[in-house]
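Q: Handing you a structure now.
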Amino acid sequence: MPITVVGLDGDDTLWQNETRFNLTQGELRELLHRHVPDADVDRRLFEIEMKNLAVYGYGVKSFTLSMIETAIELTEGRIPATDLQVIVGWGKRMLMQPTELLDGVELAVRELSGRYDLLLITKGDLFDQESKLARSGLADLFLGVDIVSEKNVSAYRTILSRRGIKPEEFVMVGNSLRSDILPVLELGARAVHIPYHVTWRHEHVDEESLPRSGWRRLERIGELSGLLAEL
């Protein structure tokens, strides 16, 4: 069955995201090393983020709260309120930054919208993701938008069922093997992986766990239209 619906991830597929998190994490590392020089800030922050996912979900707000918790814990409560205020400011800065489309995205999405029904399927904080989409200039090109708390088989099944889309006519495009590729293949749909140069540790997947068929990998989104025409 030919592809009629294309799902597109947002963060690090259409616009920059993880780079901002990495830069802010570097600032946190530098700040906390002034108080606790030998602290493994990255390890402890990741552990706290994983613990907090079930409480806060994904996104900048969750990240900011996890940074604050990490700072308080590693300094044993000695961190000054002024430094905590700095961390809060980093979070606000991340939320207010303009949406920076990745190279080739606008042209590629506009071309795809003329041939397929496009869905934006992304996870994270609702307000943040809606704001990024609004600032991207791409909102009018999507037939629908689904912002979910987690991208798993159940979430994709619900989206396709609600919209009356058969898995055989759907392809998901994204940078995360864990969120954009593996669950879609398990559902019986197809997928295209477009790696981003920075990937959050939580999204890493052993490629040996992936099926050998049903998905392809591209270096850039500009190649997507040609690939989909062959599927």
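Here, A, B, ... name the chains of the structure tokens in the order displayed, residue numbers run from 1 inside each chain, and ligands are numbered from 1 in the same displayed order.
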Neighbours of segment 15-20 of chain A within 6 Å (only C-alpha atoms; same-chain residues fewer than 5 positions away dropped), as a list in words?
A: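 Near neighbours after the sequence-gap exclusion: Glu100, Leu101 and Leu102 of chain A.
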Q: Could you find all residues in chain A that DSSP calls alpha helix (DSSP H) from the backbone, and write them as a count of residues only?
A: 109
Q: Measuring between only C-alpha atoms, which one of A:Thr24, A:Gln129, A:Thr158, A:Thr122 shows the shortest distance to Asp146 of chain A?
A: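 Going through A:Thr24, A:Gln129, A:Thr158, A:Thr122 one by one, the smallest distance to Asp146 of chain A is for A:Thr122.
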Q: Give me the residues near Val153 of chain A as a list in words, where near means some atom within 9 Å (using only C-alpha atoms) and where sequence neighbours in that chain fewer than 5 positions away do not count.
A: Thr158, Leu182, Pro183, Val184, Leu185, Glu186 and Leu187 of chain A
Q: Please dump the current selection as a PDB file, in the first residue's frame; keep N, CA and C atoms.
A:
```
ATOM      1  N   THR A 158      -2.972   4.781  19.028  1.00  0.00           N
ATOM      2  CA  THR A 158      -4.088   5.679  19.337  1.00  0.00           C
ATOM      3  C   THR A 158      -4.202   6.783  18.299  1.00  0.00           C
ATOM      4  N   LEU A 182      11.496   2.531  16.411  1.00  0.00           N
ATOM      5  CA  LEU A 182      11.176   1.216  16.965  1.00  0.00           C
ATOM      6  C   LEU A 182       9.676   1.000  17.209  1.00  0.00           C
ATOM      7  N   PRO A 183       8.962   1.892  17.907  1.00  0.00           N
ATOM      8  CA  PRO A 183       7.538   1.637  18.153  1.00  0.00           C
ATOM      9  C   PRO A 183       6.692   1.627  16.889  1.00  0.00           C
ATOM     10  N   VAL A 184       7.092   2.415  15.902  1.00  0.00           N
ATOM     11  CA  VAL A 184       6.351   2.475  14.640  1.00  0.00           C
ATOM     12  C   VAL A 184       6.482   1.155  13.881  1.00  0.00           C
ATOM     13  N   LEU A 185       7.683   0.601  13.885  1.00  0.00           N
ATOM     14  CA  LEU A 185       7.902  -0.689  13.221  1.00  0.00           C
ATOM     15  C   LEU A 185       7.122  -1.790  13.923  1.00  0.00           C
ATOM     16  N   GLU A 186       7.072  -1.743  15.233  1.00  0.00           N
ATOM     17  CA  GLU A 186       6.314  -2.744  15.984  1.00  0.00           C
ATOM     18  C   GLU A 186       4.823  -2.675  15.647  1.00  0.00           C
ATOM     19  N   LEU A 187       4.378  -1.506  15.261  1.00  0.00           N
ATOM     20  CA  LEU A 187       2.976  -1.306  14.919  1.00  0.00           C
ATOM     21  C   LEU A 187       2.655  -1.794  13.504  1.00  0.00           C
TER      22      LEU A 187
END
```
Q: Taking the DSSP assignment computed from this structure's backbone, write out as a list in words all residues of segment 21-221 of chain A that belong to strand (DSSP E or B).
A: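 Of segment 21-221 of chain A, only Leu101, Asp117, Leu118, Leu119, Leu120, Ile121, Thr122, Lys123, Gly144, Val145, Asp146, Ile147, Val148, Phe170, Val171, Met172, Val173, Gly174, Arg190, Ala191, Val192, His193, Trp215, Arg216 and Arg217 of chain A fall in strand (DSSP E or B).
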Q: Counting only C-alpha atoms, which residue out of A:Ser136, A:Arg34, A:Glu27, A:Glu169 sits closest to Val109 of chain A?
A: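 Residue with the minimum atom-to-atom distance to Val109 of chain A: A:Ser136.
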Q: Considering only C-alpha atoms, return as a PyMOL selection string whatever protein or nucleic-acid residues lie within 12 Å of Arg29 of chain A, sequence-local ones (same chain, fewer than 6 positions apart) excluded.
A: chain A and resi 22-23+35-45+67+70-71+74+87
Q: Looking at A:Leu228, A:Leu120, A:Val88, A:Val145, which one is nearest to Asp11 of chain A, with distances taken over only C-alpha atoms?
A: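 That would be A:Leu120, the residue with the smallest distance to Asp11 of chain A.
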Q: Could you give me, as CSV, a per-residue list for segment 121-199 of chain A showing, wherever an atom lies at most 7 Å from an atom of segment 50-61 of chain A, the closest pair of atoms and their distance in Å to one decimal, using only C-alpha atoms and sorting by chain then residue number from low to high?
A:
```
residue,atom,partner,partner_atom,distance
A:Gly124,CA,A:Tyr58,CA,4.6
A:Asp125,CA,A:Gly59,CA,5.4
A:Ser149,CA,A:Gly57,CA,6.4
```
Q: Find the residues near Asp12 of chain A: any atom within 12 Å, counting only C-alpha atoms, skip ones fewer than 4 places away on the same chain, and give them as a ChimeraX atom specification.
A: /A:8,16-21,99-103,105,122-123,173-176,180,193-200,220-221
Q: Any idea what's packed within 12 Å of Ile159 of chain A, counting only C-alpha atoms, ignoring anything in its chain fewer than 3 positions away? Could you give it as an MDAnalysis selection string?
A: chainID A and resid 5 7 119:122 144:148 151:156 162:167 170 184 187
Q: Would you work out the distance separating atom CA of Thr64 of chain A from atom CA of Leu133 of chain A, expressed in Å to one decimal?
A: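 Atom CA of Leu133 of chain A lies at a distance of 21.1 Å from atom CA of Thr64 of chain A.
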Q: Between A:Ser66, A:Val6, A:Glu230, A:Ile181, which is the closest to Glu207 of chain A once you count only C-alpha atoms?
A: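 For Glu207 of chain A, the nearest of the given residues is A:Ile181.
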Q: Separation of atom CA of Glu130 of chain A and atom CA of Gln97 of chain A, in Å?
A: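 Going from atom CA of Glu130 of chain A over to atom CA of Gln97 of chain A covers 13.5 Å.
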